[in-house]
Structure formats: structure tokens, C-alpha cells
Amino acid sequence: MKITVSGKPQEIAPGTRLIALVNQLEARVKNDPMIVSLIQKTGRSHLLYILNGTVVKAEDHPTIEMQEGDDLRYVHPFFGG
Amino acid sequence: MPTAEQEKRYSRQIRLPAIGPAGQDRLGRSRVAVVGCGGLGSVLAHVMVRMGVGRVTVIDGDRPEASNLHRQILYDEDDVAAGKPKALAACEKLRRINALVEVAGRAERLEAANADRLLADHEVILDGTDNLDTRLLVNEWSVASGVPWVYGAVAHAQGMVLAVRPDNGPCLVCLFPETAAESAAEEPLPIFPPAPVAVACLQATEAVKLLLEPAQVNPNLLVLDLWSGSCQQIPLQRNSACRCCAHRRFFYLTR
């Protein structure tokens, strides 16, 4: 099954849930300086996951099953100025 | 139409098809507020004043500190030594840049109690703040009043921009539905000085479009990484369950 993650095509198994992708992405970016800072300060990455244009609350990650053609993006919440 | 003095001063931007004499005239009759005059707000106010926006209100209750000077382009060492409020120090600089613009400084922190007084009678609100709470207050005021605002924020060499049009599109709570409780994340992170400059320039561009050609406003969330040179445009939809723009439940305005 094909989806896109941050604009790049990715093949995943049918039935894959969003939480599995979230866990993969969090592992992939754990050494990003922004993520390192946020984890040091707050204990978590604070990444936001946007599925087909809508931000998905963390509590819904385990229950959402990915669908063919889904567009998943992730961003950091920024509050500095 | 622009006066002869304005035509001369703004000639290089009036020649842009997107602005033209009518657009310059419209800018000259426009009123914008810059909430927070730090790394983002310094650039926002600077650009608005140089472009000839008719009235620019700068709202900030802080005073310049030495640690601000690497990125907050309106201040210098004299301002830090004088300890003058940022809003007033900024206004002095801005008036020297363009005497054709009415510049007002409000040395106050934006709060629910003064939001109407400080923000009313402006057509666009520009986000130069450094914390989520004030942004959520501005967002609620915008949704309640119908006045658009342009969110911008930075950390490290990254940043993001979203033009919030209460009549059309997502609001900040659609983007951060559950982050309000995560105030610990507001602790200052490192900032690469070019990042707020770049982000504020994108915010200023969206503000000009809101004033001149709202149909041209970018509906996407823009995410920049200056270090890698990447810019993502992320489509973002209004959340039909959003407590703020869908259900009009306001927490910050009613505190």
C-alpha cells in the first residue's frame, strides 16, 4: 500500500496503524537538534502529525489505520520569536 | 492615489503588478498591529513601516536585553543601557525610518483585559510574540472579531508561518489542538538569527496579501529550515471539531 510521508512515497503493509509510523518517525528524528532540545526540556518530542490536512491528537494515533494514498506530515510546534 | 512624495519613495514597489498605485494607496490607508517586538516583531514592524502601511501599532511590555541583540534588529546597545520599553525604543527607530507612517507604541503585555483596546481598529494582526499563551489569545480574539492574523514562530534554524483567516480556513487551535497544556515547551530554545528574519518576511508578505489581495493568501502551513534550505508547504484544513473556530469556545479571552 502506498502513502506519502512528508511528501515522499512510502510503501507500508495494509492494516498499518498511524502509531507504527509515529514510532518510526520519532526514532528517525531523535538526534535532530530541535528534538534533542525539546526532549531535554520537556521529556517528549512534541512532534505534530498531520494526516491528510488534519492534525491528529496523540490519543488517536493507536486507533487510526492508514489508507492507500494517505498524506502524512510531521512538524515541530514552534513558539519562539 | 499616492502623493508625489509617496510615489517617489515607494516607486520600486509601486512598479510591482501586485501592488501598483492603487495597492500603495490601500497600504497607506491600512492599519496593522504587531504583537511582540522581538526577533519576529522587529522585522515585521520594520517591513510594514518601510512599505508605507498607514498605521503600525507596536505592542510589547518588555525592555531590550543584551541577549536580544543578536536577532532583534530594531535595538542596539544604547537601548539596552537606557532600559526603555521595547515598544517605545522601536517607535523611535521606526519614525526615523519613515515619517509618513503613523507609528504607535504600546508598552504593555497583551492580555484578555486589554485585547479589545489594543487590537480593535486594526485590519491585520502580526504575531511577533514568543509564547503560546499570547498566540492563543490573539487567535481567539481574531476568531471572535473576524480580524485575520499571521502566526509565525521560530526555534533553532527552523520556523513556521500560517495566515489565519477566521472566515476561511484553520485557526491556531486546529494546528495545536492539545499543545496548550505543554507550556514547558515554551522554555527558550536556541535561535539561529536569520530564522526570525526569514519567517517574519514571509509573515509580512501574507499580511500585505491580506490587505491587498486576500484571495492570494497562502492557505498552507509553511515550514522552513534555513540550515538545510528546505521549505515545506503543508495543506491544513479547518478542524470541524475545533473548540475555537468551530465551536467558538474561548478560554484565553475569558480569563
# chains A, B, ... in the order shown; residues from 1 in each chain; ligands from 1
$ residues_around --residues "Tyr10 in chain B" --least-positions-apart "5" --cutoff "8 Å" --atoms "only C-alpha atoms" --output "MDAnalysis selection string"
chainID B and resid 24 51:52
$ residues_around --residues "Gly105 in chain B" --least-positions-apart "6" --cutoff "7 Å" --atoms "only C-alpha atoms" --output "number ranges by chain"
B: 57-59, 87-88, 91
$ interface_residues --of "chain A" --to "chain B" --cutoff "9 Å" --atoms "only C-alpha atoms" --output "list in words"
Ser6, Gly7, Pro33, Met34, Ser37, Leu38, Lys41, Thr42, His46, Leu48, Ile50, Asn52, Gly53, Thr54, Val55, Val56, Lys57, Ala58, Arg73, Val75, His76, Pro77, Phe78, Phe79, Gly80 and Gly81 of chain A
$ atom_distance --atom1 "CA of Trp149 in chain B" --atom2 "CA of Ala241 in chain B"
20.9 Å
$ residues_around --residues "Val217 in chain B" --least-positions-apart "5" --cutoff "9 Å" --atoms "only C-alpha atoms" --output "NGL selection string"
:B and (163 or 205-210)
$ write_last_selection --atoms "C-alpha atoms" --output "mmCIF file, in the first residue's frame"
data_model
loop_
_atom_site.group_PDB
_atom_site.id
_atom_site.type_symbol
_atom_site.label_atom_id
_atom_site.label_comp_id
_atom_site.auth_asym_id
_atom_site.auth_seq_id
_atom_site.Cartn_x
_atom_site.Cartn_y
_atom_site.Cartn_z
ATOM 1 C CA ALA B 163 -2.091 33.088 7.843
ATOM 2 C CA THR B 205 4.164 39.005 2.724
ATOM 3 C CA GLU B 206 0.982 37.272 3.862
ATOM 4 C CA ALA B 207 -0.063 40.434 5.709
ATOM 5 C CA VAL B 208 0.340 42.509 2.554
ATOM 6 C CA LYS B 209 -1.728 39.962 0.643
ATOM 7 C CA LEU B 210 -4.423 40.053 3.323
#
